[in-house]
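Chemist: Here it is, the structure, as structure tokens.
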Amino acid sequence: MTTSRAQAGATILVVEDEPSIADVLAITLRFHGFEVVTADSVRSALQLARGVRPDAVLLDISLPDGDGRQVCRVLREERPELAVVFLTARDAPADVVKGLTLGGDDYITKPFNVDELVARTRAVLRRTRPAADPAAPPAPRPPVLRHGGLELDEATYTARRGGQDADLTPTEFALLRHLMRHGDRIVPKEQLLREVWRYEHAPDSTVVETYISYLRRKLDPLAPDEPPLIVTRRGVGYGLRPAART
């Protein structure tokens, strides 16, 4: 069995109060080369997250002492780069949207396929924990991407528009980076699903539309005198509005 360098040594915090599910997740993830710690409550989840500092959290919503979304909210404030995947029986669209709005990078409903869960966990980690070769010389500092008044610093994972900081989750950052790398070209939805989310076959997924909406809510108010930043080509995809020529 081999594990890609992007996930080598990655630690997963599983927050699940059902022992049988927690055991299955722990055994499966360890088999695939992850380090795993488990928690069964809001209190123990926060304690472990602060002590172990995992690379990703698989987070149930219904916990005996509170709501898992509370855990996500606290961890997002303390560690914006941390990958958070909700794992829950709540499959109503409103629950999915609320979980993603709070900063979740993915939302998997029960019952789940363990192979799909491992694949989606790896996909999230590829976005939030890029591969590194300890024997390689230090990589040059990545450039700052610019599009009009929008700046994206890939070294510090920060975004600014109109001189103001935008508070983006790792997935929002990855999506915006992909759009910026394509300038003012329209990027097909299928390409975004494949290259940002690593989904090979998800034609009916609404995750792209959801995250485009999040970016609009966060970026457009930073430049109220400018037209909306992201344009939609219905039935095709999304792109950035051409920057004003000076």
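Residue numbering restarts at 1 in every chain; chains get A, B, ... in the order shown in the structure tokens, and ligands count up from 1 in that same order.
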Give me, as a list in words, all polymer residues having an atom no more than 12 Å from Gln47 in chain A, counting only C-alpha atoms and skipping those fewer than 3 positions away in the same chain.

Modeler: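 Here the qualifying residues turn out to be Leu13, Val15, Val37, Thr38, Ala39, Asp40, Ser41, Val42, Arg43, Ser44, Arg50, Gly51, Val52, Arg53, Pro54, Val71, Val74 and Leu75 of chain A.
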
Chemist: Using only C-alpha atoms, pick whichever of A:Val236, A:Leu150, A:Ala159, A:Ala45 has the shortest atom-to-atom distance to Leu192 in chain A.

Modeler: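 Nearest candidate to Leu192 in chain A out of A:Val236, A:Leu150, A:Ala159, A:Ala45: A:Val236.
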
Chemist: I need the strand (DSSP E) residues of range 53-238 of chain A per DSSP on the backbone, written as number ranges by chain.

Modeler: A: 56-59, 62-63, 66-67, 83-88, 106-109, 144-147, 150-153, 158-161, 164-166, 187-188, 230-233, 237-238

Chemist: Need to verify the contact set: Ala166 in chain A, 9 Å, only C-alpha atoms, exclusion of same-chain residues closer than 4 positions in sequence. Can you return it as a VMD selection string?

Modeler: chain A and resid 158 to 161 218 to 219 222

Chemist: Between CA of Thr210 in chain A and CA of Leu46 in chain A, what is the spacing in Å?

Modeler: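 So the answer is 27.5 Å.
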
Chemist: Compile the contact shell of Gly148 in chain A as a list in words: residues with an atom at most 12 Å away, counting only C-alpha atoms, same-chain residues fewer than 5 positions apart removed.

Modeler: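 Those residues are Arg160, Arg161, Gly162, Gly163, Met180, Gly183, Asp184, Ala223, Glu226, Pro227, Leu229, Leu240, Arg241, Pro242, Ala243, Ala244, Arg245 and Thr246 of chain A.
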
Chemist: Output N, CA, C and O atoms of each residue in that selection to a file, as a PDB file, in the first residue's frame.

Modeler:
```pdb
ATOM      1  N   ARG A 160      -7.206  39.809  -1.030  1.00  0.00           N
ATOM      2  CA  ARG A 160      -7.605  41.198  -0.777  1.00  0.00           C
ATOM      3  C   ARG A 160      -8.299  41.738  -2.017  1.00  0.00           C
ATOM      4  O   ARG A 160      -7.940  41.398  -3.141  1.00  0.00           O
ATOM      5  N   ARG A 161      -9.303  42.581  -1.778  1.00  0.00           N
ATOM      6  CA  ARG A 161      -9.949  43.298  -2.870  1.00  0.00           C
ATOM      7  C   ARG A 161     -10.165  44.727  -2.438  1.00  0.00           C
ATOM      8  O   ARG A 161     -10.660  44.975  -1.332  1.00  0.00           O
ATOM      9  N   GLY A 162      -9.772  45.648  -3.283  1.00  0.00           N
ATOM     10  CA  GLY A 162      -9.901  47.053  -2.936  1.00  0.00           C
ATOM     11  C   GLY A 162      -9.127  47.418  -1.683  1.00  0.00           C
ATOM     12  O   GLY A 162      -9.527  48.308  -0.942  1.00  0.00           O
ATOM     13  N   GLY A 163      -8.017  46.711  -1.423  1.00  0.00           N
ATOM     14  CA  GLY A 163      -7.202  46.995  -0.249  1.00  0.00           C
ATOM     15  C   GLY A 163      -7.728  46.406   1.039  1.00  0.00           C
ATOM     16  O   GLY A 163      -7.148  46.630   2.104  1.00  0.00           O
ATOM     17  N   MET A 180      -8.767  32.898 -11.015  1.00  0.00           N
ATOM     18  CA  MET A 180      -7.780  33.941 -11.313  1.00  0.00           C
ATOM     19  C   MET A 180      -6.721  33.445 -12.283  1.00  0.00           C
ATOM     20  O   MET A 180      -6.221  34.201 -13.126  1.00  0.00           O
ATOM     21  N   GLY A 183      -7.679  34.078 -15.769  1.00  0.00           N
ATOM     22  CA  GLY A 183      -7.945  35.441 -16.201  1.00  0.00           C
ATOM     23  C   GLY A 183      -9.425  35.707 -16.326  1.00  0.00           C
ATOM     24  O   GLY A 183     -10.201  35.428 -15.413  1.00  0.00           O
ATOM     25  N   ASP A 184      -9.827  36.261 -17.474  1.00  0.00           N
ATOM     26  CA  ASP A 184     -11.254  36.551 -17.661  1.00  0.00           C
ATOM     27  C   ASP A 184     -11.922  35.508 -18.558  1.00  0.00           C
ATOM     28  O   ASP A 184     -12.986  35.745 -19.115  1.00  0.00           O
ATOM     29  N   ALA A 223     -15.790  46.007  -2.739  1.00  0.00           N
ATOM     30  CA  ALA A 223     -15.649  47.014  -3.797  1.00  0.00           C
ATOM     31  C   ALA A 223     -17.041  47.405  -4.269  1.00  0.00           C
ATOM     32  O   ALA A 223     -17.458  47.058  -5.382  1.00  0.00           O
ATOM     33  N   GLU A 226     -17.780  48.911  -7.768  1.00  0.00           N
ATOM     34  CA  GLU A 226     -17.414  48.159  -8.959  1.00  0.00           C
ATOM     35  C   GLU A 226     -18.498  47.133  -9.285  1.00  0.00           C
ATOM     36  O   GLU A 226     -19.256  46.723  -8.399  1.00  0.00           O
ATOM     37  N   PRO A 227     -18.580  46.697 -10.533  1.00  0.00           N
ATOM     38  CA  PRO A 227     -19.573  45.667 -10.902  1.00  0.00           C
ATOM     39  C   PRO A 227     -19.217  44.337 -10.247  1.00  0.00           C
ATOM     40  O   PRO A 227     -18.078  44.138  -9.794  1.00  0.00           O
ATOM     41  N   LEU A 229     -17.826  40.837  -9.360  1.00  0.00           N
ATOM     42  CA  LEU A 229     -16.550  40.284  -9.807  1.00  0.00           C
ATOM     43  C   LEU A 229     -16.714  39.044 -10.669  1.00  0.00           C
ATOM     44  O   LEU A 229     -16.039  38.881 -11.689  1.00  0.00           O
ATOM     45  N   LEU A 240     -14.054  35.462 -14.155  1.00  0.00           N
ATOM     46  CA  LEU A 240     -13.931  36.786 -13.573  1.00  0.00           C
ATOM     47  C   LEU A 240     -14.251  37.845 -14.626  1.00  0.00           C
ATOM     48  O   LEU A 240     -13.879  37.705 -15.795  1.00  0.00           O
ATOM     49  N   ARG A 241     -14.925  38.902 -14.192  1.00  0.00           N
ATOM     50  CA  ARG A 241     -15.228  40.009 -15.101  1.00  0.00           C
ATOM     51  C   ARG A 241     -13.921  40.614 -15.585  1.00  0.00           C
ATOM     52  O   ARG A 241     -12.982  40.774 -14.804  1.00  0.00           O
ATOM     53  N   PRO A 242     -13.793  40.905 -16.866  1.00  0.00           N
ATOM     54  CA  PRO A 242     -12.542  41.488 -17.363  1.00  0.00           C
ATOM     55  C   PRO A 242     -12.145  42.719 -16.551  1.00  0.00           C
ATOM     56  O   PRO A 242     -12.978  43.579 -16.241  1.00  0.00           O
ATOM     57  N   ALA A 243     -10.869  42.778 -16.200  1.00  0.00           N
ATOM     58  CA  ALA A 243     -10.374  43.919 -15.419  1.00  0.00           C
ATOM     59  C   ALA A 243     -10.366  45.165 -16.288  1.00  0.00           C
ATOM     60  O   ALA A 243     -10.143  45.111 -17.499  1.00  0.00           O
ATOM     61  N   ALA A 244     -10.637  46.298 -15.644  1.00  0.00           N
ATOM     62  CA  ALA A 244     -10.658  47.573 -16.366  1.00  0.00           C
ATOM     63  C   ALA A 244      -9.267  47.885 -16.921  1.00  0.00           C
ATOM     64  O   ALA A 244      -8.248  47.671 -16.251  1.00  0.00           O
ATOM     65  N   ARG A 245      -9.213  48.356 -18.154  1.00  0.00           N
ATOM     66  CA  ARG A 245      -7.942  48.719 -18.783  1.00  0.00           C
ATOM     67  C   ARG A 245      -7.533  50.128 -18.340  1.00  0.00           C
ATOM     68  O   ARG A 245      -8.355  51.032 -18.295  1.00  0.00           O
ATOM     69  N   THR A 246      -6.247  50.273 -18.010  1.00  0.00           N
ATOM     70  CA  THR A 246      -5.766  51.595 -17.621  1.00  0.00           C
ATOM     71  C   THR A 246      -4.684  52.046 -18.565  1.00  0.00           C
ATOM     72  O   THR A 246      -4.105  51.249 -19.292  1.00  0.00           O
TER      73      THR A 246
END
```

Chemist: Tell me which of A:His32, A:Arg79, A:His147, A:Arg69 sits closest to Arg122 in chain A, counting only C-alpha atoms.

Modeler: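 For Arg122 in chain A, the nearest of the given residues is A:His32.
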
Chemist: So the first atom is CA of Arg233 in chain A and the second is CA of Leu215 in chain A; what is the distance between them in Å, to one decimal place?

Modeler: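 Going from CA of Arg233 in chain A over to CA of Leu215 in chain A covers 16.4 Å.
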
Chemist: Using only C-alpha atoms, which residue out of A:Pro224, A:Gly104, A:Gly149, A:Gly33 lies closest to Val57 in chain A?

Modeler: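 Closest to Val57 in chain A, using only C-alpha atoms: A:Gly104.
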
Chemist: Counting only C-alpha atoms, figure out which residue out of A:Tyr157, A:Glu116, A:Phe31, A:Thr88 gets nearest to Phe173 in chain A.

Modeler: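 That would be A:Tyr157, the residue with the smallest distance to Phe173 in chain A.
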
Chemist: Using only C-alpha atoms for the distances, tell me which of A:Gly239, A:Pro143, A:Pro221, A:Pro111 is nearest to Leu176 in chain A.

Modeler: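 For Leu176 in chain A, the nearest of the given residues is A:Gly239.
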
Chemist: What gap, in Å, lies between CA of Val187 in chain A and CA of Gln164 in chain A?

Modeler: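 Computing the Euclidean distance for CA of Val187 in chain A and CA of Gln164 in chain A yields 25.9 Å.
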
Chemist: Between A:Thr128, A:Thr156, A:Thr171, A:Asn113, which is the closest to Ile21 in chain A once you count only C-alpha atoms?

Modeler: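 The shortest atom-to-atom distance to Ile21 in chain A comes from A:Asn113.
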
Chemist: Just the alpha helix (DSSP H) stuff from range 2-240 of chain A, please, per backbone DSSP, written as a PyMOL selection string.

Modeler: chain A and resi 19-31+42-52+68-78+93-101+114-128+170-181+189-195+207-219

Chemist: Give me a file of those residues, with C-alpha atoms, as a PDB file, in the first residue's frame.

Modeler:
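Saved the output as again-v9.pdb:
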```pdb
ATOM      1  CA  PRO A  19     -18.759   3.795  18.667  1.00  0.00           C
ATOM      2  CA  SER A  20     -19.349   1.404  15.769  1.00  0.00           C
ATOM      3  CA  ILE A  21     -19.110   4.188  13.171  1.00  0.00           C
ATOM      4  CA  ALA A  22     -16.076   5.730  14.872  1.00  0.00           C
ATOM      5  CA  ASP A  23     -14.336   2.345  14.865  1.00  0.00           C
ATOM      6  CA  VAL A  24     -15.039   1.738  11.180  1.00  0.00           C
ATOM      7  CA  LEU A  25     -13.723   5.179  10.279  1.00  0.00           C
ATOM      8  CA  ALA A  26     -10.601   4.812  12.409  1.00  0.00           C
ATOM      9  CA  ILE A  27      -9.768   1.349  11.047  1.00  0.00           C
ATOM     10  CA  THR A  28     -10.365   2.396   7.430  1.00  0.00           C
ATOM     11  CA  LEU A  29      -8.355   5.605   7.651  1.00  0.00           C
ATOM     12  CA  ARG A  30      -5.435   3.887   9.407  1.00  0.00           C
ATOM     13  CA  PHE A  31      -5.431   1.198   6.715  1.00  0.00           C
ATOM     14  CA  VAL A  42     -17.917  18.807  21.474  1.00  0.00           C
ATOM     15  CA  ARG A  43     -15.699  19.183  24.529  1.00  0.00           C
ATOM     16  CA  SER A  44     -13.327  16.333  23.673  1.00  0.00           C
ATOM     17  CA  ALA A  45     -13.209  17.396  20.009  1.00  0.00           C
ATOM     18  CA  LEU A  46     -12.026  20.901  20.866  1.00  0.00           C
ATOM     19  CA  GLN A  47      -9.495  19.583  23.384  1.00  0.00           C
ATOM     20  CA  LEU A  48      -8.002  17.141  20.885  1.00  0.00           C
ATOM     21  CA  ALA A  49      -8.043  19.649  18.025  1.00  0.00           C
ATOM     22  CA  ARG A  50      -6.023  22.091  20.129  1.00  0.00           C
ATOM     23  CA  GLY A  51      -3.646  19.463  21.500  1.00  0.00           C
ATOM     24  CA  VAL A  52      -3.053  17.213  18.489  1.00  0.00           C
ATOM     25  CA  GLY A  68     -20.841  19.761  15.721  1.00  0.00           C
ATOM     26  CA  ARG A  69     -21.299  22.949  13.725  1.00  0.00           C
ATOM     27  CA  GLN A  70     -20.245  24.772  16.886  1.00  0.00           C
ATOM     28  CA  VAL A  71     -16.957  22.864  16.708  1.00  0.00           C
ATOM     29  CA  CYS A  72     -16.502  23.931  13.083  1.00  0.00           C
ATOM     30  CA  ARG A  73     -17.187  27.569  13.942  1.00  0.00           C
ATOM     31  CA  VAL A  74     -14.603  27.606  16.751  1.00  0.00           C
ATOM     32  CA  LEU A  75     -11.943  25.744  14.758  1.00  0.00           C
ATOM     33  CA  ARG A  76     -12.441  28.001  11.739  1.00  0.00           C
ATOM     34  CA  GLU A  77     -11.644  31.012  13.933  1.00  0.00           C
ATOM     35  CA  GLU A  78      -8.577  29.372  15.473  1.00  0.00           C
ATOM     36  CA  PRO A  93     -30.494  20.843   1.433  1.00  0.00           C
ATOM     37  CA  ALA A  94     -30.792  23.502   4.152  1.00  0.00           C
ATOM     38  CA  ASP A  95     -28.514  21.478   6.439  1.00  0.00           C
ATOM     39  CA  VAL A  96     -25.942  21.027   3.665  1.00  0.00           C
ATOM     40  CA  VAL A  97     -25.947  24.738   2.849  1.00  0.00           C
ATOM     41  CA  LYS A  98     -25.659  25.705   6.516  1.00  0.00           C
ATOM     42  CA  GLY A  99     -22.723  23.345   7.038  1.00  0.00           C
ATOM     43  CA  LEU A 100     -20.861  24.708   4.025  1.00  0.00           C
ATOM     44  CA  THR A 101     -21.682  28.289   5.010  1.00  0.00           C
ATOM     45  CA  VAL A 114     -15.965   4.201   3.005  1.00  0.00           C
ATOM     46  CA  ASP A 115     -13.975   4.269  -0.254  1.00  0.00           C
ATOM     47  CA  GLU A 116     -15.745   7.459  -1.308  1.00  0.00           C
ATOM     48  CA  LEU A 117     -15.150   8.961   2.139  1.00  0.00           C
ATOM     49  CA  VAL A 118     -11.402   8.240   1.927  1.00  0.00           C
ATOM     50  CA  ALA A 119     -11.235   9.669  -1.603  1.00  0.00           C
ATOM     51  CA  ARG A 120     -13.044  12.864  -0.606  1.00  0.00           C
ATOM     52  CA  THR A 121     -10.887  13.255   2.510  1.00  0.00           C
ATOM     53  CA  ARG A 122      -7.792  13.007   0.338  1.00  0.00           C
ATOM     54  CA  ALA A 123      -9.256  15.543  -2.093  1.00  0.00           C
ATOM     55  CA  VAL A 124      -9.805  18.032   0.727  1.00  0.00           C
ATOM     56  CA  LEU A 125      -6.260  17.478   1.997  1.00  0.00           C
ATOM     57  CA  ARG A 126      -4.833  18.095  -1.479  1.00  0.00           C
ATOM     58  CA  ARG A 127      -6.400  21.542  -1.330  1.00  0.00           C
ATOM     59  CA  THR A 128      -5.375  22.354   2.238  1.00  0.00           C
ATOM     60  CA  PRO A 170      -9.472  26.867   2.079  1.00  0.00           C
ATOM     61  CA  THR A 171     -11.996  25.710  -0.526  1.00  0.00           C
ATOM     62  CA  GLU A 172     -13.100  29.258  -1.343  1.00  0.00           C
ATOM     63  CA  PHE A 173      -9.431  30.219  -1.730  1.00  0.00           C
ATOM     64  CA  ALA A 174      -8.784  27.263  -4.057  1.00  0.00           C
ATOM     65  CA  LEU A 175     -11.798  28.128  -6.209  1.00  0.00           C
ATOM     66  CA  LEU A 176     -10.866  31.797  -6.480  1.00  0.00           C
ATOM     67  CA  ARG A 177      -7.258  30.887  -7.310  1.00  0.00           C
ATOM     68  CA  HIS A 178      -8.423  28.635 -10.126  1.00  0.00           C
ATOM     69  CA  LEU A 179     -10.610  31.391 -11.583  1.00  0.00           C
ATOM     70  CA  MET A 180      -7.780  33.941 -11.313  1.00  0.00           C
ATOM     71  CA  ARG A 181      -5.350  31.644 -13.077  1.00  0.00           C
ATOM     72  CA  LYS A 189     -18.332  23.793 -14.212  1.00  0.00           C
ATOM     73  CA  GLU A 190     -17.081  20.269 -14.964  1.00  0.00           C
ATOM     74  CA  GLN A 191     -13.495  21.541 -14.944  1.00  0.00           C
ATOM     75  CA  LEU A 192     -13.996  23.259 -11.593  1.00  0.00           C
ATOM     76  CA  LEU A 193     -15.451  20.076 -10.093  1.00  0.00           C
ATOM     77  CA  ARG A 194     -12.518  18.054 -11.429  1.00  0.00           C
ATOM     78  CA  GLU A 195      -9.656  20.410 -10.617  1.00  0.00           C
ATOM     79  CA  VAL A 207     -21.261  22.567  -4.808  1.00  0.00           C
ATOM     80  CA  VAL A 208     -19.823  24.923  -7.458  1.00  0.00           C
ATOM     81  CA  GLU A 209     -22.899  27.158  -7.438  1.00  0.00           C
ATOM     82  CA  THR A 210     -22.859  27.185  -3.642  1.00  0.00           C
ATOM     83  CA  TYR A 211     -19.236  28.275  -3.381  1.00  0.00           C
ATOM     84  CA  ILE A 212     -19.547  30.843  -6.166  1.00  0.00           C
ATOM     85  CA  SER A 213     -22.347  32.367  -4.084  1.00  0.00           C
ATOM     86  CA  TYR A 214     -20.071  32.442  -1.013  1.00  0.00           C
ATOM     87  CA  LEU A 215     -17.305  34.202  -2.963  1.00  0.00           C
ATOM     88  CA  ARG A 216     -19.734  36.807  -4.259  1.00  0.00           C
ATOM     89  CA  ARG A 217     -21.017  37.545  -0.755  1.00  0.00           C
ATOM     90  CA  LYS A 218     -17.485  37.989   0.558  1.00  0.00           C
ATOM     91  CA  LEU A 219     -15.793  39.801  -2.339  1.00  0.00           C
TER      92      LEU A 219
END
```
